[in-house]
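What follows is the content of final.pdb (PDB, C-alpha atoms).
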ATOM      1  CA  MET G1143       1.219  -1.916  -4.656  1.00  0.00           C
ATOM      2  CA  LEU G1144       0.270   0.790  -2.135  1.00  0.00           C
ATOM      3  CA  ASP G1145      -1.724   3.968  -2.471  1.00  0.00           C
ATOM      4  CA  VAL G1146      -2.391   6.812  -0.045  1.00  0.00           C
ATOM      5  CA  ASP G1147      -6.136   6.921   0.585  1.00  0.00           C
ATOM      6  CA  ASP G1148      -7.852  10.213  -0.322  1.00  0.00           C
ATOM      7  CA  PHE G1149      -4.546  11.836  -1.256  1.00  0.00           C
ATOM      8  CA  LYS G1150      -6.123  14.340  -3.653  1.00  0.00           C
ATOM      9  CA  ALA G1151      -8.369  15.638  -0.863  1.00  0.00           C
ATOM     10  CA  ILE G1152      -5.399  15.783   1.520  1.00  0.00           C
ATOM     11  CA  ASN G1153      -3.306  17.588  -1.093  1.00  0.00           C
ATOM     12  CA  ASP G1154      -6.109  20.079  -1.765  1.00  0.00           C
ATOM     13  CA  ARG G1155      -6.525  20.710   1.970  1.00  0.00           C
ATOM     14  CA  VAL G1156      -2.874  21.066   3.009  1.00  0.00           C
ATOM     15  CA  GLY G1157      -1.366  22.344  -0.266  1.00  0.00           C
ATOM     16  CA  HIS G1158       0.979  20.814  -2.797  1.00  0.00           C
ATOM     17  CA  LEU G1159       4.216  21.488  -0.914  1.00  0.00           C
ATOM     18  CA  ALA G1160       2.885  19.851   2.236  1.00  0.00           C
ATOM     19  CA  GLY G1161       1.439  17.027   0.100  1.00  0.00           C
ATOM     20  CA  ASP G1162       4.847  16.423  -1.469  1.00  0.00           C
ATOM     21  CA  ALA G1163       6.452  16.372   1.980  1.00  0.00           C
ATOM     22  CA  LEU G1164       3.798  13.896   3.120  1.00  0.00           C
ATOM     23  CA  LEU G1165       4.595  11.585   0.189  1.00  0.00           C
ATOM     24  CA  ALA G1166       8.296  11.757   1.066  1.00  0.00           C
ATOM     25  CA  GLU G1167       7.402  10.819   4.647  1.00  0.00           C
ATOM     26  CA  VAL G1168       5.281   7.892   3.440  1.00  0.00           C
ATOM     27  CA  GLY G1169       8.258   6.739   1.365  1.00  0.00           C
ATOM     28  CA  GLU G1170      10.486   6.896   4.431  1.00  0.00           C
ATOM     29  CA  ARG G1171       7.965   4.923   6.484  1.00  0.00           C
ATOM     30  CA  VAL G1172       7.687   2.294   3.754  1.00  0.00           C
ATOM     31  CA  ALA G1173      11.478   2.023   3.596  1.00  0.00           C
ATOM     32  CA  SER G1174      11.657   1.689   7.391  1.00  0.00           C
ATOM     33  CA  VAL G1175       9.548  -1.489   7.531  1.00  0.00           C
ATOM     34  CA  VAL G1176      10.869  -3.507   4.583  1.00  0.00           C
ATOM     35  CA  ARG G1177      13.623  -6.110   4.822  1.00  0.00           C
ATOM     36  CA  GLY G1178      17.071  -5.550   3.356  1.00  0.00           C
ATOM     37  CA  ALA G1179      16.365  -7.703   0.289  1.00  0.00           C
ATOM     38  CA  ASP G1180      13.034  -5.989  -0.448  1.00  0.00           C
ATOM     39  CA  ILE G1181      12.609  -3.229  -2.999  1.00  0.00           C
ATOM     40  CA  ALA G1182      10.415  -0.245  -2.172  1.00  0.00           C
ATOM     41  CA  CYS G1183       9.879   2.727  -4.459  1.00  0.00           C
ATOM     42  CA  ARG G1184       7.435   5.447  -5.368  1.00  0.00           C
ATOM     43  CA  ILE G1185       6.135   4.683  -8.838  1.00  0.00           C
ATOM     44  CA  GLY G1186       4.176   7.867  -9.404  1.00  0.00           C
ATOM     45  CA  GLY G1187       1.693  10.187  -7.784  1.00  0.00           C
ATOM     46  CA  ASP G1188       0.738   8.650  -4.462  1.00  0.00           C
ATOM     47  CA  GLU G1189       1.480   5.046  -5.487  1.00  0.00           C
ATOM     48  CA  PHE G1190       4.300   2.939  -4.126  1.00  0.00           C
ATOM     49  CA  ALA G1191       5.512  -0.514  -5.125  1.00  0.00           C
ATOM     50  CA  VAL G1192       7.066  -2.987  -2.719  1.00  0.00           C
ATOM     51  CA  ILE G1193       8.695  -6.117  -4.147  1.00  0.00           C
ATOM     52  CA  LEU G1194       9.232  -8.868  -1.582  1.00  0.00           C
ATOM     53  CA  PRO G1195      11.555 -11.555  -2.975  1.00  0.00           C
ATOM     54  CA  GLU G1196      10.863 -15.009  -1.559  1.00  0.00           C
ATOM     55  CA  ALA G1197       8.064 -13.766   0.718  1.00  0.00           C
ATOM     56  CA  THR G1198       4.851 -15.652   1.331  1.00  0.00           C
ATOM     57  CA  ARG G1199       1.453 -14.092   0.819  1.00  0.00           C
ATOM     58  CA  ALA G1200       1.019 -14.078   4.610  1.00  0.00           C
ATOM     59  CA  ALA G1201       4.285 -12.150   4.972  1.00  0.00           C
ATOM     60  CA  ALA G1202       3.094  -9.623   2.378  1.00  0.00           C
ATOM     61  CA  GLU G1203      -0.186  -9.203   4.241  1.00  0.00           C
ATOM     62  CA  GLN G1204       1.713  -8.700   7.522  1.00  0.00           C
ATOM     63  CA  LEU G1205       3.870  -6.060   5.870  1.00  0.00           C
ATOM     64  CA  CYS G1206       0.719  -4.247   4.736  1.00  0.00           C
ATOM     65  CA  VAL G1207      -0.529  -4.243   8.327  1.00  0.00           C
ATOM     66  CA  ARG G1208       2.774  -2.771   9.550  1.00  0.00           C
ATOM     67  CA  LEU G1209       2.647  -0.122   6.807  1.00  0.00           C
ATOM     68  CA  GLU G1210      -0.944   0.820   7.662  1.00  0.00           C
ATOM     69  CA  LEU G1211      -0.005   1.110  11.348  1.00  0.00           C
ATOM     70  CA  ALA G1212       2.951   3.327  10.456  1.00  0.00           C
ATOM     71  CA  ALA G1213       0.763   5.488   8.211  1.00  0.00           C
ATOM     72  CA  ALA G1214      -2.151   5.708  10.653  1.00  0.00           C
ATOM     73  CA  SER G1215       0.156   7.037  13.356  1.00  0.00           C
ATOM     74  CA  ARG G1216       0.538  10.172  11.214  1.00  0.00           C
ATOM     75  CA  SER G1217      -2.262  12.704  11.536  1.00  0.00           C
ATOM     76  CA  VAL G1218      -3.113  14.946   8.609  1.00  0.00           C
ATOM     77  CA  GLY G1219      -4.894  18.078   9.665  1.00  0.00           C
ATOM     78  CA  SER G1220      -6.881  18.379  12.851  1.00  0.00           C
ATOM     79  CA  SER G1221      -8.208  14.848  13.331  1.00  0.00           C
ATOM     80  CA  ASP G1222      -7.675  12.836  10.162  1.00  0.00           C
ATOM     81  CA  HIS G1223      -5.136  10.052  10.054  1.00  0.00           C
ATOM     82  CA  LEU G1224      -3.285   8.820   7.021  1.00  0.00           C
ATOM     83  CA  HIS G1225      -4.353   5.467   5.582  1.00  0.00           C
ATOM     84  CA  LEU G1226      -2.918   3.202   2.908  1.00  0.00           C
ATOM     85  CA  SER G1227      -4.672   0.696   0.681  1.00  0.00           C
ATOM     86  CA  ALA G1228      -2.800  -2.230  -0.838  1.00  0.00           C
ATOM     87  CA  GLY G1229      -3.065  -4.612  -3.748  1.00  0.00           C
ATOM     88  CA  ILE G1230      -1.100  -7.823  -3.219  1.00  0.00           C
ATOM     89  CA  THR G1231      -0.091 -10.313  -5.882  1.00  0.00           C
ATOM     90  CA  GLU G1232       2.536 -12.967  -6.469  1.00  0.00           C
ATOM     91  CA  ILE G1233       4.821 -13.204  -9.476  1.00  0.00           C
ATOM     92  CA  ARG G1234       3.890 -16.075 -11.751  1.00  0.00           C
ATOM     93  CA  PRO G1235       6.262 -17.913 -14.094  1.00  0.00           C
ATOM     94  CA  ASP G1236       4.579 -16.448 -17.197  1.00  0.00           C
ATOM     95  CA  ASP G1237       4.472 -12.862 -15.860  1.00  0.00           C
ATOM     96  CA  ASP G1238       6.184  -9.922 -17.400  1.00  0.00           C
ATOM     97  CA  SER G1239       6.447  -6.588 -15.607  1.00  0.00           C
ATOM     98  CA  THR G1240       3.263  -5.324 -17.259  1.00  0.00           C
ATOM     99  CA  SER G1241       1.013  -8.247 -16.307  1.00  0.00           C
ATOM    100  CA  PHE G1242       2.414  -8.336 -12.772  1.00  0.00           C
ATOM    101  CA  PHE G1243       1.824  -4.622 -12.147  1.00  0.00           C
ATOM    102  CA  GLU G1244      -1.599  -4.672 -13.846  1.00  0.00           C
ATOM    103  CA  ARG G1245      -2.721  -7.457 -11.511  1.00  0.00           C
ATOM    104  CA  ALA G1246      -1.402  -5.586  -8.476  1.00  0.00           C
ATOM    105  CA  ASP G1247      -3.117  -2.413  -9.681  1.00  0.00           C
ATOM    106  CA  GLU G1248      -6.448  -4.243 -10.133  1.00  0.00           C
ATOM    107  CA  ALA G1249      -6.157  -5.591  -6.591  1.00  0.00           C
ATOM    108  CA  LEU G1250      -5.319  -2.095  -5.317  1.00  0.00           C
ATOM    109  CA  TYR G1251      -8.369  -0.662  -7.087  1.00  0.00           C
ATOM    110  CA  ALA G1252     -10.542  -3.352  -5.479  1.00  0.00           C
ATOM    111  CA  ALA G1253      -9.040  -2.541  -2.061  1.00  0.00           C
ATOM    112  CA  LYS G1254      -9.805   1.161  -2.446  1.00  0.00           C
ATOM    113  CA  GLN G1255     -13.412   0.322  -3.320  1.00  0.00           C
ATOM    114  CA  THR G1256     -13.840  -1.394   0.051  1.00  0.00           C
ATOM    115  CA  GLY G1257     -12.708   1.547   2.183  1.00  0.00           C
ATOM    116  CA  LYS G1258      -9.664   3.142   3.760  1.00  0.00           C
ATOM    117  CA  GLY G1259      -6.811   0.991   4.989  1.00  0.00           C
ATOM    118  CA  HIS G1260      -7.846  -2.148   3.120  1.00  0.00           C
ATOM    119  CA  ALA G1261      -5.849  -4.770   1.252  1.00  0.00           C
ATOM    120  CA  VAL G1262      -6.944  -7.165  -1.474  1.00  0.00           C
ATOM    121  CA  THR G1263      -4.943 -10.184  -2.543  1.00  0.00           C
ATOM    122  CA  ALA G1264      -5.165 -10.911  -6.263  1.00  0.00           C
ATOM    123  CA  GLU G1265      -5.784 -14.505  -7.289  1.00  0.00           C
ATOM    124  CA  HIS G1266      -6.464 -15.880 -10.741  1.00  0.00           C
ATOM    125  CA  GLU G1267      -9.784 -14.033 -11.087  1.00  0.00           C
ATOM    126  CA  LEU G1268      -9.115 -11.437  -8.390  1.00  0.00           C
ATOM    127  CA  ARG G1269     -10.511 -13.725  -5.730  1.00  0.00           C
ATOM    128  CA  GLY G1270      -8.756 -13.402  -2.473  1.00  0.00           C
ATOM    129  CA  THR G1271      -8.713 -11.939   0.949  1.00  0.00           C
ATOM    130  CA  THR G1272     -10.473  -8.641   1.173  1.00  0.00           C
ATOM    131  CA  GLY G1273     -10.815  -6.611   4.276  1.00  0.00           C
ATOM    132  CA  PRO G1274      -9.483  -3.968   6.560  1.00  0.00           C
ATOM    133  CA  LEU G1275      -5.913  -4.385   7.607  1.00  0.00           C
ATOM    134  CA  ASP G1276      -6.165  -6.089  10.983  1.00  0.00           C
ATOM    135  CA  ARG G1277      -3.948  -4.186  13.372  1.00  0.00           C
ATOM    136  CA  ARG G1278      -3.943  -7.135  15.809  1.00  0.00           C
ATOM    137  CA  ALA G1279      -2.195  -9.276  13.178  1.00  0.00           C
ATOM    138  CA  ALA G1280       0.935  -7.141  13.449  1.00  0.00           C
ATOM    139  CA  ASP G1281       1.552  -8.233  17.021  1.00  0.00           C
TER     140      ASP G1281
END
Transcribe the structure of this file into structure tokens.
Amino acid sequence: MLDVDDFKAINDRVGHLAGDALLAEVGERVASVVRGADIACRIGGDEFAVILPEATRAAAEQLCVRLELAAASRSVGSSDHLHLSAGITEIRPDDDSTSFFERADEALYAAKQTGKGHAVTAEHELRGTTGPLDRRAAD
């Protein structure tokens, strides 16, 4: 699950029409970096979901780095750059859509608490990798 960092402040600063256009652009950037079998969609507000069938956690983390790089290349206003935070989880055999998305949302919330452009990987008790998206890892 992905979220645009500080979107409310951006929306207030640039206006709702420009904010809507920015969200459409984020959606296009997300769609441009996923594989053909992946599913990417806006699920509401400034949140996006990306489903990666048969991907490893490392592949999901790499995708988050590519998405953050794509977002950060977009400036918003005079000097601010766009950033995305991500919550990463894996589907478990006993998951339903609610438990899966709740776990991803909890990881996203934890990522946003650590700063802009961060990702958190959800584990059984929300233990996992936490940190800024390492731009070097995309190389």
Check: Quick one: residues within 12 Å of range 1148-1157 of chain G, only C-alpha atoms counted, chain neighbours fewer than 5 positions away excluded, as an MDAnalysis selection string?
Finding: chainID G and resid 1162:1165 1168 1187:1189 1217:1220 1222:1227 1254:1255 1257:1259
Axis-aligned box over every listed atom of range 1190-1193 of chain G, padded by 5 Å per side: centre and edges in Å to one decimal, as lines of an AutoDock Vina configuration file?
center_x = 6.5
center_y = -1.6
center_z = -3.9
size_x = 14.4
size_y = 19.1
size_z = 12.4
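For the point (9.3, -0.8, -4.1), the residues with at least one atom inside 10 Å, counting all atoms listed in the file, are Met1143, Leu1144, Gly1169, Val1172, Ala1173, Val1176, Asp1180, Ile1181, Ala1182, Cys1183, Arg1184, Ile1185, Glu1189, Phe1190, Ala1191, Val1192, Ile1193 and Leu1194 of chain G.
Interatomic distance, CA of Val1207 in chain G against CA of Arg1234 in chain G: 23.7 Å.
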Excluding Ala1202 in chain G and residues on its chain fewer than 3 positions from it, collect all residues at most 12 Å away from it, counting only C-alpha atoms, and give them as a PDB file with C-alpha atoms, in the frame of the given file.
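Just written: selection.pdb:
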ATOM      1  CA  MET G1143       1.219  -1.916  -4.656  1.00  0.00           C
ATOM      2  CA  LEU G1144       0.270   0.790  -2.135  1.00  0.00           C
ATOM      3  CA  VAL G1175       9.548  -1.489   7.531  1.00  0.00           C
ATOM      4  CA  VAL G1176      10.869  -3.507   4.583  1.00  0.00           C
ATOM      5  CA  ARG G1177      13.623  -6.110   4.822  1.00  0.00           C
ATOM      6  CA  ASP G1180      13.034  -5.989  -0.448  1.00  0.00           C
ATOM      7  CA  VAL G1192       7.066  -2.987  -2.719  1.00  0.00           C
ATOM      8  CA  ILE G1193       8.695  -6.117  -4.147  1.00  0.00           C
ATOM      9  CA  LEU G1194       9.232  -8.868  -1.582  1.00  0.00           C
ATOM     10  CA  PRO G1195      11.555 -11.555  -2.975  1.00  0.00           C
ATOM     11  CA  GLU G1196      10.863 -15.009  -1.559  1.00  0.00           C
ATOM     12  CA  ALA G1197       8.064 -13.766   0.718  1.00  0.00           C
ATOM     13  CA  THR G1198       4.851 -15.652   1.331  1.00  0.00           C
ATOM     14  CA  ARG G1199       1.453 -14.092   0.819  1.00  0.00           C
ATOM     15  CA  LEU G1205       3.870  -6.060   5.870  1.00  0.00           C
ATOM     16  CA  CYS G1206       0.719  -4.247   4.736  1.00  0.00           C
ATOM     17  CA  VAL G1207      -0.529  -4.243   8.327  1.00  0.00           C
ATOM     18  CA  ARG G1208       2.774  -2.771   9.550  1.00  0.00           C
ATOM     19  CA  LEU G1209       2.647  -0.122   6.807  1.00  0.00           C
ATOM     20  CA  ALA G1228      -2.800  -2.230  -0.838  1.00  0.00           C
ATOM     21  CA  GLY G1229      -3.065  -4.612  -3.748  1.00  0.00           C
ATOM     22  CA  ILE G1230      -1.100  -7.823  -3.219  1.00  0.00           C
ATOM     23  CA  THR G1231      -0.091 -10.313  -5.882  1.00  0.00           C
ATOM     24  CA  GLU G1232       2.536 -12.967  -6.469  1.00  0.00           C
ATOM     25  CA  ALA G1261      -5.849  -4.770   1.252  1.00  0.00           C
ATOM     26  CA  VAL G1262      -6.944  -7.165  -1.474  1.00  0.00           C
ATOM     27  CA  THR G1263      -4.943 -10.184  -2.543  1.00  0.00           C
ATOM     28  CA  LEU G1275      -5.913  -4.385   7.607  1.00  0.00           C
ATOM     29  CA  ALA G1280       0.935  -7.141  13.449  1.00  0.00           C
TER      30      ALA G1280
END
Review point. Which one of G:Glu1203, G:Arg1245, G:Ala1166, G:Ile1233 sits closest to His1260 in chain G if you count only C-alpha atoms?
Key: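 Of G:Glu1203, G:Arg1245, G:Ala1166, G:Ile1233, the one nearest His1260 in chain G, counting only C-alpha atoms, is G:Glu1203.
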* To do: Please measure the separation of CA of Arg1171 in chain G and CA of Val1146 in chain G, giving the value in Å to one decimal.
  =>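 Taking CA of Arg1171 in chain G as the start and CA of Val1146 in chain G as the end point, the length is 12.4 Å.
We find CA of Ala1179 in chain G and CA of Glu1210 in chain G to be spaced 20.7 Å apart.
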With N, CA and C atoms as the target, complete range 1216-1247 of chain G and hand it back as a short mmCIF file (atom, residue, chain, number, x, y, z; two decimals), in the frame of the given file.
data_model
loop_
_atom_site.label_atom_id
_atom_site.label_comp_id
_atom_site.auth_asym_id
_atom_site.auth_seq_id
_atom_site.Cartn_x
_atom_site.Cartn_y
_atom_site.Cartn_z
N ARG G 1216 0.30 8.81 11.71
CA ARG G 1216 0.54 10.17 11.21
C ARG G 1216 -0.80 10.87 11.02
N SER G 1217 -1.02 11.96 11.74
CA SER G 1217 -2.26 12.70 11.54
C SER G 1217 -2.05 13.73 10.43
N VAL G 1218 -3.13 13.97 9.70
CA VAL G 1218 -3.11 14.95 8.61
C VAL G 1218 -4.23 15.93 8.91
N GLY G 1219 -3.86 17.13 9.29
CA GLY G 1219 -4.89 18.08 9.66
C GLY G 1219 -5.28 17.88 11.12
N SER G 1220 -6.47 18.35 11.45
CA SER G 1220 -6.88 18.38 12.85
C SER G 1220 -7.13 17.00 13.44
N SER G 1221 -7.86 16.14 12.72
CA SER G 1221 -8.21 14.85 13.33
C SER G 1221 -8.07 13.67 12.38
N ASP G 1222 -7.79 13.92 11.13
CA ASP G 1222 -7.68 12.84 10.16
C ASP G 1222 -6.34 12.13 10.31
N HIS G 1223 -6.37 10.83 10.06
CA HIS G 1223 -5.14 10.05 10.05
C HIS G 1223 -4.91 9.51 8.65
N LEU G 1224 -3.67 9.33 8.33
CA LEU G 1224 -3.28 8.82 7.02
C LEU G 1224 -3.60 7.33 6.95
N HIS G 1225 -4.09 6.89 5.80
CA HIS G 1225 -4.35 5.47 5.58
C HIS G 1225 -3.80 5.05 4.23
N LEU G 1226 -3.41 3.79 4.15
CA LEU G 1226 -2.92 3.20 2.91
C LEU G 1226 -3.80 2.04 2.51
N SER G 1227 -4.03 1.89 1.22
CA SER G 1227 -4.67 0.70 0.68
C SER G 1227 -3.61 -0.08 -0.09
N ALA G 1228 -3.82 -1.39 -0.20
CA ALA G 1228 -2.80 -2.23 -0.84
C ALA G 1228 -3.43 -3.27 -1.75
N GLY G 1229 -2.75 -3.51 -2.85
CA GLY G 1229 -3.06 -4.61 -3.75
C GLY G 1229 -1.89 -5.57 -3.73
N ILE G 1230 -2.16 -6.82 -3.39
CA ILE G 1230 -1.10 -7.82 -3.22
C ILE G 1230 -1.22 -8.88 -4.31
N THR G 1231 -0.11 -9.22 -4.92
CA THR G 1231 -0.09 -10.31 -5.88
C THR G 1231 1.26 -11.01 -5.82
N GLU G 1232 1.29 -12.20 -6.39
CA GLU G 1232 2.54 -12.97 -6.47
C GLU G 1232 2.98 -13.03 -7.92
N ILE G 1233 4.29 -13.04 -8.12
CA ILE G 1233 4.82 -13.20 -9.48
C ILE G 1233 4.57 -14.63 -9.92
N ARG G 1234 4.13 -14.76 -11.15
CA ARG G 1234 3.89 -16.08 -11.75
C ARG G 1234 4.95 -16.33 -12.81
N PRO G 1235 5.21 -17.60 -13.12
CA PRO G 1235 6.26 -17.91 -14.09
C PRO G 1235 6.07 -17.24 -15.45
N ASP G 1236 4.82 -17.04 -15.88
CA ASP G 1236 4.58 -16.45 -17.20
C ASP G 1236 4.40 -14.93 -17.14
N ASP G 1237 4.64 -14.31 -16.00
CA ASP G 1237 4.47 -12.86 -15.86
C ASP G 1237 5.57 -12.10 -16.57
N ASP G 1238 5.20 -10.94 -17.07
CA ASP G 1238 6.18 -9.92 -17.40
C ASP G 1238 5.87 -8.74 -16.48
N SER G 1239 6.66 -7.69 -16.55
CA SER G 1239 6.45 -6.59 -15.61
C SER G 1239 5.07 -5.96 -15.79
N THR G 1240 4.57 -5.93 -17.01
CA THR G 1240 3.26 -5.32 -17.26
C THR G 1240 2.15 -6.13 -16.62
N SER G 1241 2.11 -7.43 -16.86
CA SER G 1241 1.01 -8.25 -16.31
C SER G 1241 1.06 -8.28 -14.78
N PHE G 1242 2.25 -8.33 -14.22
CA PHE G 1242 2.41 -8.34 -12.77
C PHE G 1242 1.86 -7.05 -12.16
N PHE G 1243 2.27 -5.90 -12.69
CA PHE G 1243 1.82 -4.62 -12.15
C PHE G 1243 0.35 -4.37 -12.43
N GLU G 1244 -0.17 -4.83 -13.57
CA GLU G 1244 -1.60 -4.67 -13.85
C GLU G 1244 -2.43 -5.44 -12.83
N ARG G 1245 -1.99 -6.65 -12.49
CA ARG G 1245 -2.72 -7.46 -11.51
C ARG G 1245 -2.67 -6.80 -10.12
N ALA G 1246 -1.52 -6.28 -9.76
CA ALA G 1246 -1.40 -5.59 -8.48
C ALA G 1246 -2.27 -4.33 -8.46
N ASP G 1247 -2.31 -3.62 -9.58
CA ASP G 1247 -3.12 -2.41 -9.68
C ASP G 1247 -4.61 -2.73 -9.60
#
